[in-house]
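protein00.cif (mmCIF, C-alpha atoms)
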```
data_work
loop_
_atom_site.group_PDB
_atom_site.id
_atom_site.type_symbol
_atom_site.label_atom_id
_atom_site.label_comp_id
_atom_site.auth_asym_id
_atom_site.auth_seq_id
_atom_site.Cartn_x
_atom_site.Cartn_y
_atom_site.Cartn_z
ATOM 1 C CA GLU A 28 113.071 96.281 126.312
ATOM 2 C CA ALA A 29 110.215 98.576 127.307
ATOM 3 C CA GLY A 30 107.984 99.790 124.508
ATOM 4 C CA VAL A 31 106.395 103.173 123.993
ATOM 5 C CA THR A 32 104.374 104.189 127.023
ATOM 6 C CA GLN A 33 101.539 106.678 127.215
ATOM 7 C CA SER A 34 99.574 108.243 130.030
ATOM 8 C CA PRO A 35 96.881 108.470 131.023
ATOM 9 C CA THR A 36 95.110 105.452 129.533
ATOM 10 C CA HIS A 37 91.777 107.220 129.604
ATOM 11 C CA LEU A 38 90.912 110.892 129.967
ATOM 12 C CA ILE A 39 87.486 112.427 130.300
ATOM 13 C CA LYS A 40 87.077 116.168 129.814
ATOM 14 C CA THR A 41 84.282 118.596 129.089
ATOM 15 C CA ARG A 42 84.013 120.883 126.114
ATOM 16 C CA GLY A 43 86.250 123.940 126.392
ATOM 17 C CA GLN A 44 88.736 122.342 128.795
ATOM 18 C CA GLN A 45 92.350 121.523 128.047
ATOM 19 C CA ALA A 46 93.863 118.036 127.840
ATOM 20 C CA THR A 47 97.497 117.012 128.271
ATOM 21 C CA LEU A 48 98.668 113.639 127.018
ATOM 22 C CA ARG A 49 102.121 112.198 127.638
ATOM 23 C CA CYS A 50 104.377 109.800 125.804
ATOM 24 C CA SER A 51 107.721 108.150 126.551
ATOM 25 C CA PRO A 52 109.514 106.677 123.526
ATOM 26 C CA ILE A 53 111.473 103.466 123.344
ATOM 27 C CA SER A 54 114.885 103.927 124.917
ATOM 28 C CA GLY A 55 117.304 105.243 122.300
ATOM 29 C CA HIS A 56 114.591 106.612 120.031
ATOM 30 C CA THR A 57 114.720 110.349 119.380
ATOM 31 C CA SER A 58 111.676 110.812 117.144
ATOM 32 C CA VAL A 59 108.141 110.956 118.498
ATOM 33 C CA TYR A 60 104.984 111.089 116.401
ATOM 34 C CA TRP A 61 101.395 111.784 117.432
ATOM 35 C CA TYR A 62 98.354 110.430 115.585
ATOM 36 C CA GLN A 63 94.613 110.740 116.145
ATOM 37 C CA GLN A 64 92.241 107.869 115.477
ATOM 38 C CA ALA A 65 88.627 108.956 115.711
ATOM 39 C CA LEU A 66 85.904 106.315 115.704
ATOM 40 C CA GLY A 67 85.419 104.884 112.252
ATOM 41 C CA LEU A 68 88.286 106.892 110.782
ATOM 42 C CA GLY A 69 91.839 106.008 109.900
ATOM 43 C CA LEU A 70 94.887 107.263 111.728
ATOM 44 C CA GLN A 71 95.488 110.953 111.100
ATOM 45 C CA PHE A 72 98.959 112.417 111.568
ATOM 46 C CA LEU A 73 99.192 115.227 114.123
ATOM 47 C CA LEU A 74 102.808 116.092 114.933
ATOM 48 C CA TRP A 75 106.388 114.872 114.576
ATOM 49 C CA TYR A 76 109.155 115.813 117.012
ATOM 50 C CA ASP A 77 112.805 114.971 116.661
ATOM 51 C CA GLU A 78 115.670 116.128 118.868
ATOM 52 C CA GLY A 79 113.359 118.556 120.629
ATOM 53 C CA GLU A 80 112.154 120.286 117.464
ATOM 54 C CA GLU A 81 108.799 120.152 115.706
ATOM 55 C CA ARG A 82 109.604 118.690 112.270
ATOM 56 C CA ASN A 83 106.193 118.346 110.676
ATOM 57 C CA ARG A 84 102.591 119.073 111.483
ATOM 58 C CA GLY A 85 99.380 117.565 110.158
ATOM 59 C CA ASN A 86 96.245 119.349 109.095
ATOM 60 C CA PHE A 87 94.972 120.172 112.566
ATOM 61 C CA PRO A 88 94.106 123.560 114.129
ATOM 62 C CA PRO A 89 96.657 125.391 116.305
ATOM 63 C CA ARG A 90 94.861 124.366 119.489
ATOM 64 C CA PHE A 91 96.654 121.047 119.003
ATOM 65 C CA SER A 92 100.218 121.604 120.139
ATOM 66 C CA GLY A 93 102.999 119.760 121.822
ATOM 67 C CA ARG A 94 106.606 119.626 122.758
ATOM 68 C CA GLN A 95 109.477 117.231 123.206
ATOM 69 C CA PHE A 96 111.646 117.274 126.287
ATOM 70 C CA PRO A 97 115.434 116.750 126.530
ATOM 71 C CA ASN A 98 114.857 113.104 127.536
ATOM 72 C CA TYR A 99 112.837 112.706 124.256
ATOM 73 C CA SER A 100 109.519 112.210 126.016
ATOM 74 C CA SER A 101 106.705 114.256 124.590
ATOM 75 C CA GLU A 102 103.505 115.976 125.535
ATOM 76 C CA LEU A 103 100.451 116.691 123.398
ATOM 77 C CA ASN A 104 98.191 119.531 124.475
ATOM 78 C CA VAL A 105 94.714 120.082 123.162
ATOM 79 C CA ASN A 106 93.129 123.392 124.108
ATOM 80 C CA ALA A 107 89.499 124.447 123.937
ATOM 81 C CA LEU A 108 88.322 120.865 123.591
ATOM 82 C CA GLU A 109 85.503 120.128 121.180
ATOM 83 C CA LEU A 110 83.258 117.065 121.073
ATOM 84 C CA GLU A 111 84.924 115.984 117.808
ATOM 85 C CA ASP A 112 88.273 115.703 119.621
ATOM 86 C CA SER A 113 87.047 112.486 121.226
ATOM 87 C CA ALA A 114 89.403 109.851 119.860
ATOM 88 C CA LEU A 115 92.246 107.478 120.547
ATOM 89 C CA TYR A 116 95.518 109.426 120.553
ATOM 90 C CA LEU A 117 98.491 107.300 119.619
ATOM 91 C CA CYS A 118 102.128 108.108 120.108
ATOM 92 C CA ALA A 119 104.832 106.362 118.097
ATOM 93 C CA SER A 120 108.601 106.506 118.242
ATOM 94 C CA SER A 121 111.446 105.704 115.883
ATOM 95 C CA SER A 122 115.204 105.805 116.070
ATOM 96 C CA GLY A 123 115.392 108.984 114.022
ATOM 97 C CA MET A 124 118.325 107.610 112.028
ATOM 98 C CA SER A 125 116.287 107.777 108.837
ATOM 99 C CA SER A 126 113.029 109.413 107.973
ATOM 100 C CA THR A 127 111.748 106.038 106.807
ATOM 101 C CA ASP A 128 112.437 104.257 110.085
ATOM 102 C CA THR A 129 109.873 101.863 111.450
ATOM 103 C CA GLN A 130 107.524 103.520 113.918
ATOM 104 C CA TYR A 131 106.439 101.658 117.028
ATOM 105 C CA PHE A 132 103.205 102.626 118.720
ATOM 106 C CA GLY A 133 102.199 103.037 122.327
ATOM 107 C CA PRO A 134 98.878 101.773 123.692
ATOM 108 C CA GLY A 135 97.220 105.156 123.270
ATOM 109 C CA THR A 136 95.209 107.564 125.373
ATOM 110 C CA ARG A 137 91.475 107.428 124.872
ATOM 111 C CA LEU A 138 90.142 110.969 125.207
ATOM 112 C CA THR A 139 86.439 111.498 125.712
ATOM 113 C CA VAL A 140 85.022 115.012 125.503
ATOM 114 C CA LEU A 141 81.584 115.470 127.027
ATOM 115 C CA ARG B 6 92.442 111.049 95.958
ATOM 116 C CA LYS B 7 93.437 109.415 99.227
ATOM 117 C CA GLU B 8 97.125 108.798 99.823
ATOM 118 C CA VAL B 9 96.538 105.104 100.618
ATOM 119 C CA GLU B 10 93.453 103.136 99.594
ATOM 120 C CA GLN B 11 92.402 99.740 100.884
ATOM 121 C CA ASP B 12 89.377 97.527 100.472
ATOM 122 C CA PRO B 13 87.711 97.880 103.905
ATOM 123 C CA GLY B 14 86.224 94.397 103.785
ATOM 124 C CA PRO B 15 85.100 92.832 105.998
ATOM 125 C CA PHE B 16 86.652 89.552 105.036
ATOM 126 C CA ASN B 17 85.142 86.539 106.822
ATOM 127 C CA VAL B 18 87.056 83.321 106.201
ATOM 128 C CA PRO B 19 87.232 79.862 107.813
ATOM 129 C CA GLU B 20 90.309 78.646 109.603
ATOM 130 C CA GLY B 21 92.878 77.346 107.169
ATOM 131 C CA ALA B 22 91.816 79.622 104.326
ATOM 132 C CA THR B 23 94.128 81.793 102.291
ATOM 133 C CA VAL B 24 93.193 85.454 102.123
ATOM 134 C CA ALA B 25 94.723 88.362 100.216
ATOM 135 C CA PHE B 26 94.534 92.073 100.882
ATOM 136 C CA ASN B 27 95.357 94.776 98.386
ATOM 137 C CA CYS B 28 96.337 98.375 98.736
ATOM 138 C CA THR B 29 97.244 101.210 96.363
ATOM 139 C CA TYR B 30 99.148 104.400 97.080
ATOM 140 C CA SER B 31 98.989 107.637 95.163
ATOM 141 C CA ASN B 32 102.422 109.203 95.563
ATOM 142 C CA SER B 33 105.134 107.688 93.396
ATOM 143 C CA ALA B 34 107.793 109.237 95.648
ATOM 144 C CA SER B 35 106.800 106.940 98.519
ATOM 145 C CA GLN B 36 109.846 105.246 99.953
ATOM 146 C CA SER B 37 108.918 102.612 102.478
ATOM 147 C CA PHE B 38 105.924 100.392 102.960
ATOM 148 C CA PHE B 39 104.499 98.392 105.825
ATOM 149 C CA TRP B 40 101.616 96.272 106.961
ATOM 150 C CA TYR B 41 100.455 96.897 110.503
ATOM 151 C CA ARG B 42 97.902 94.901 112.411
ATOM 152 C CA GLN B 43 95.425 96.527 114.794
ATOM 153 C CA ASP B 44 93.274 94.598 117.213
ATOM 154 C CA CYS B 45 90.039 96.130 118.426
ATOM 155 C CA ARG B 46 90.693 99.261 120.532
ATOM 156 C CA LYS B 47 94.434 98.565 120.622
ATOM 157 C CA GLU B 48 97.451 100.202 119.064
ATOM 158 C CA PRO B 49 98.745 99.257 115.605
ATOM 159 C CA LYS B 50 101.579 96.727 115.676
ATOM 160 C CA LEU B 51 104.066 96.220 112.887
ATOM 161 C CA LEU B 52 103.352 93.012 111.025
ATOM 162 C CA MET B 53 106.006 93.342 108.347
ATOM 163 C CA SER B 54 107.861 95.748 106.136
ATOM 164 C CA VAL B 55 107.344 95.363 102.401
ATOM 165 C CA TYR B 56 110.261 95.221 99.990
ATOM 166 C CA SER B 57 110.347 95.458 96.206
ATOM 167 C CA SER B 58 111.564 91.887 95.914
ATOM 168 C CA GLY B 59 108.690 90.625 98.013
ATOM 169 C CA ASN B 60 109.173 89.111 101.426
ATOM 170 C CA GLU B 61 107.782 86.310 103.487
ATOM 171 C CA ASP B 62 107.434 85.794 107.220
ATOM 172 C CA GLY B 63 105.960 82.424 108.041
ATOM 173 C CA ARG B 64 102.391 82.367 106.774
ATOM 174 C CA PHE B 65 102.534 85.997 105.634
ATOM 175 C CA THR B 66 103.783 87.177 102.253
ATOM 176 C CA ALA B 67 103.984 90.821 101.201
ATOM 177 C CA GLN B 68 104.537 92.126 97.692
ATOM 178 C CA LEU B 69 105.250 95.592 96.346
ATOM 179 C CA ASN B 70 104.779 96.697 92.748
ATOM 180 C CA ARG B 71 106.250 100.182 92.400
ATOM 181 C CA ALA B 72 105.228 100.560 88.772
ATOM 182 C CA SER B 73 101.565 99.989 89.647
ATOM 183 C CA GLN B 74 101.882 101.576 93.113
ATOM 184 C CA TYR B 75 100.309 98.487 94.585
ATOM 185 C CA ILE B 76 100.974 96.549 97.784
ATOM 186 C CA SER B 77 99.568 93.195 98.785
ATOM 187 C CA LEU B 78 99.478 90.915 101.801
ATOM 188 C CA LEU B 79 98.760 87.209 101.584
ATOM 189 C CA ILE B 80 97.887 85.184 104.659
ATOM 190 C CA ARG B 81 98.022 81.415 104.300
ATOM 191 C CA ASP B 82 96.491 78.846 106.632
ATOM 192 C CA SER B 83 94.487 81.481 108.538
ATOM 193 C CA LYS B 84 94.250 81.132 112.313
ATOM 194 C CA LEU B 85 91.562 82.448 114.655
ATOM 195 C CA SER B 86 94.217 84.734 116.098
ATOM 196 C CA ASP B 87 94.659 86.432 112.705
ATOM 197 C CA SER B 88 91.305 88.186 113.220
ATOM 198 C CA ALA B 89 92.145 91.898 113.264
ATOM 199 C CA THR B 90 92.232 94.984 111.085
ATOM 200 C CA TYR B 91 95.176 95.116 108.688
ATOM 201 C CA LEU B 92 96.547 98.546 107.899
ATOM 202 C CA CYS B 93 98.475 99.357 104.749
ATOM 203 C CA VAL B 94 101.039 102.041 105.596
ATOM 204 C CA VAL B 95 103.301 104.188 103.436
ATOM 205 C CA ASN B 96 106.160 106.524 104.332
ATOM 206 C CA ARG B 97 107.106 109.190 101.816
ATOM 207 C CA GLY B 98 110.358 109.835 103.647
ATOM 208 C CA SER B 99 112.173 113.059 102.834
ATOM 209 C CA THR B 100 111.406 115.602 105.532
ATOM 210 C CA LEU B 101 107.907 114.402 106.186
ATOM 211 C CA GLY B 102 108.606 111.582 108.641
ATOM 212 C CA ARG B 103 104.954 110.839 109.024
ATOM 213 C CA LEU B 104 103.189 107.657 108.031
ATOM 214 C CA TYR B 105 100.158 107.561 105.721
ATOM 215 C CA PHE B 106 97.614 104.952 106.748
ATOM 216 C CA GLY B 107 94.924 103.217 104.799
ATOM 217 C CA ARG B 108 91.578 102.887 106.544
ATOM 218 C CA GLY B 109 92.287 99.218 107.186
ATOM 219 C CA THR B 110 90.844 95.901 106.068
ATOM 220 C CA GLN B 111 88.915 93.963 108.667
ATOM 221 C CA LEU B 112 89.493 90.212 108.816
ATOM 222 C CA THR B 113 87.471 87.697 110.830
ATOM 223 C CA VAL B 114 88.586 84.077 110.867
ATOM 224 C CA TRP B 115 85.915 81.679 112.058
ATOM 225 C CA PRO B 116 86.333 78.103 113.363
#
```
Target format structure tokens, applied to this file:
Amino acid sequence: EAGVTQSPTHLIKTRGQQATLRCSPISGHTSVYWYQQALGLGLQFLLWYDEGEERNRGNFPPRFSGRQFPNYSSELNVNALELEDSALYLCASSSGMSSTDTQYFGPGTRLTVL
Amino acid sequence: RKEVEQDPGPFNVPEGATVAFNCTYSNSASQSFFWYRQDCRKEPKLLMSVYSSGNEDGRFTAQLNRASQYISLLIRDSKLSDSATYLCVVNRGSTLGRLYFGRGTQLTVWP
């Protein structure tokens, strides 16, 4: 069974640009989560989507946004990139049957902002 | 106070050693608990869920003490391949969905 996939693997942008990151959940999973892991910091929760709706949002500015498509894949958009946005962005999925379901992570997109 | 606190280590142990990691969580409403493992520059991978009765998976034993809001992971007979960062993870359930991660405990097993 295929796991969570993310693209691209690496992304290099300059300050002020926009970045789009993509995630495909495990087949049958309806919930998608986004986390940021900056160097030396723990994983910080960004967004949770389930059945196409945004269910919860972490303590990040509005320039971090996303959406979930009818096939449950998801996109994270980061506008007006800042140097501090450089991080590993991880997507996770769960079955959505329970809010305490196990979350399985994709390999991440490493975003570098120059 | 952080939601999940872990001793960052690093722990450096020889092969065959037994090592224990501890973790505390601040919210008594937390509902589910996990240990994830993260190798350098890779994604976190689920090591095991943690149940109130304690659970074991081969060389790994996890314990949960709800009264003390304390979670532990014991690794017996350490292998070189156990070298990684171990993340203590808590889910408060309800409508939050999100996971709360500790900063991780780094383990290096040397030959």
Exercise for review: Give me the result of the PyMOL selection byres ((chain A) within 8 of (chain B)) on this file, residue by residue, as a list in words.
Suggested key: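 With the PyMOL selection byres ((chain A) within 8 of (chain B)) on this model, the match is Tyr60, Leu68, Gly69, Leu70, Gln71, Phe72, Trp75, Arg82, Asn83, Leu117, Ser126, Thr127, Tyr131, Phe132, Gly133, Pro134 and Gly135 of chain A.
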Check your understanding: Any chance you could work out the residue set of the PyMOL selection byres ((chain B and resi 73-79) around 9) here, as a PyMOL selection string?
Key -> chain B and resi 23-33+38-40+55+64-72+80-81+93
Practice item. Step by step, work through what the PyMOL selection byres ((chain A and resi 122) around 10) selects in the shown file, and finish by giving those residues as a list in words. Key: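 This file, filtered by the PyMOL selection byres ((chain A and resi 122) around 10), leaves Pro52, Ile53, Ser54, Gly55, His56, Thr57, Ser58, Val59, Asp77, Ser120, Ser121, Gly123, Met124, Ser125, Ser126, Thr127, Asp128, Thr129, Gln130 and Tyr131 of chain A.
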Store the residues picked out above, limited to C-alpha atoms, as a PDB file, in the frame of the given file.
```pdb
ATOM      1  CA  PRO A  52     109.514 106.677 123.526  1.00  0.00           C
ATOM      2  CA  ILE A  53     111.473 103.466 123.344  1.00  0.00           C
ATOM      3  CA  SER A  54     114.885 103.927 124.917  1.00  0.00           C
ATOM      4  CA  GLY A  55     117.304 105.243 122.300  1.00  0.00           C
ATOM      5  CA  HIS A  56     114.591 106.612 120.031  1.00  0.00           C
ATOM      6  CA  THR A  57     114.720 110.349 119.380  1.00  0.00           C
ATOM      7  CA  SER A  58     111.676 110.812 117.144  1.00  0.00           C
ATOM      8  CA  VAL A  59     108.141 110.956 118.498  1.00  0.00           C
ATOM      9  CA  ASP A  77     112.805 114.971 116.661  1.00  0.00           C
ATOM     10  CA  SER A 120     108.601 106.506 118.242  1.00  0.00           C
ATOM     11  CA  SER A 121     111.446 105.704 115.883  1.00  0.00           C
ATOM     12  CA  GLY A 123     115.392 108.984 114.022  1.00  0.00           C
ATOM     13  CA  MET A 124     118.325 107.610 112.028  1.00  0.00           C
ATOM     14  CA  SER A 125     116.287 107.777 108.837  1.00  0.00           C
ATOM     15  CA  SER A 126     113.029 109.413 107.973  1.00  0.00           C
ATOM     16  CA  THR A 127     111.748 106.038 106.807  1.00  0.00           C
ATOM     17  CA  ASP A 128     112.437 104.257 110.085  1.00  0.00           C
ATOM     18  CA  THR A 129     109.873 101.863 111.450  1.00  0.00           C
ATOM     19  CA  GLN A 130     107.524 103.520 113.918  1.00  0.00           C
ATOM     20  CA  TYR A 131     106.439 101.658 117.028  1.00  0.00           C
TER      21      TYR A 131
END
```
Practice item. Find the residues around region 89-99 of chain A up to 6 Å (all atoms listed in the file counted), leave out those fewer than 6 positions away in its own chain, and share them as a PyMOL selection string. Key: chain A and resi 57+79+105-106
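Shortest atom-to-atom contact with Ala65 (chain A) among A:Thr136, A:Ser101, A:Ser34, A:Gln44: A:Thr136, counting all atoms listed in the file.
Residues near the point (82.3, 113.0, 117.5), at a distance of 8 Å or less over only C-alpha atoms, make up Ala65, Leu66, Leu110, Glu111, Asp112 and Ser113 of chain A.
When the distance limit is 9 Å and all atoms listed in the file are what count, the residues near Gly21 (chain B), minus those fewer than 3 positions from it on the same chain, are Val18, Arg81, Asp82, Ser83, Lys84 and Val114 of chain B.
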Would you output that residue set with C-alpha atoms, as an mmCIF file, keeping the file's coordinate frame?
```
data_model
loop_
_atom_site.group_PDB
_atom_site.id
_atom_site.type_symbol
_atom_site.label_atom_id
_atom_site.label_comp_id
_atom_site.auth_asym_id
_atom_site.auth_seq_id
_atom_site.Cartn_x
_atom_site.Cartn_y
_atom_site.Cartn_z
ATOM 1 C CA VAL B 18 87.056 83.321 106.201
ATOM 2 C CA ARG B 81 98.022 81.415 104.300
ATOM 3 C CA ASP B 82 96.491 78.846 106.632
ATOM 4 C CA SER B 83 94.487 81.481 108.538
ATOM 5 C CA LYS B 84 94.250 81.132 112.313
ATOM 6 C CA VAL B 114 88.586 84.077 110.867
#
```
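Of note, CA of Glu80 (chain A) and CA of Gly30 (chain A) are spaced 22.1 Å apart.
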Practice item. Just give me the gap between CA of Pro15 (chain B) and CA of Leu115 (chain A) in Å, one decimal is fine. Key: 21.8 Å
Point to revise | Which residue of A:Glu109, A:Lys40, A:Glu102, A:Ala29 approaches Pro88 (chain A) most closely, using only C-alpha atoms | key: A:Glu109
Review point. Rounded to one decimal in Å, what is the spacing between CA of Thr41 (chain A) and CA of Tyr62 (chain A)?
Key: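 So the two atoms, CA of Thr41 (chain A) and CA of Tyr62 (chain A), lie 21.1 Å apart.
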Please put the answer as lines of an AutoDock Vina configuration file: centre and edge lengths, in Å with one decimal, of a box along x, y and z that encloses all listed atoms of region 39-45 of chain A plus 8 Å on each side.
```
center_x = 88.2
center_y = 118.2
center_z = 128.2
size_x = 24.3
size_y = 27.5
size_z = 20.2
```
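Between Ser88 (chain B) and the candidates B:Gly63, B:Ala34, B:Ser58, B:Asn17, the tightest atom-to-atom separation, counting all atoms listed in the file, involves B:Asn17.
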Review point. From the set A:Thr139, A:Gln33, A:Asn86, A:Gln64, which residue has the shortest atom-to-atom contact distance to Arg49 (chain A), counting all atoms listed in the file?
Key: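 Of all the options, A:Gln33 lies closest to Arg49 (chain A).
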Practice item. Identify which of the residues B:Arg6, B:Ala89, B:Leu112, B:Ser57 lies closest to Asp44 (chain B), counting all atoms listed in the file when measuring atom-to-atom distances. Key: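 Of B:Arg6, B:Ala89, B:Leu112, B:Ser57, the one nearest Asp44 (chain B), counting all atoms listed in the file, is B:Ala89.
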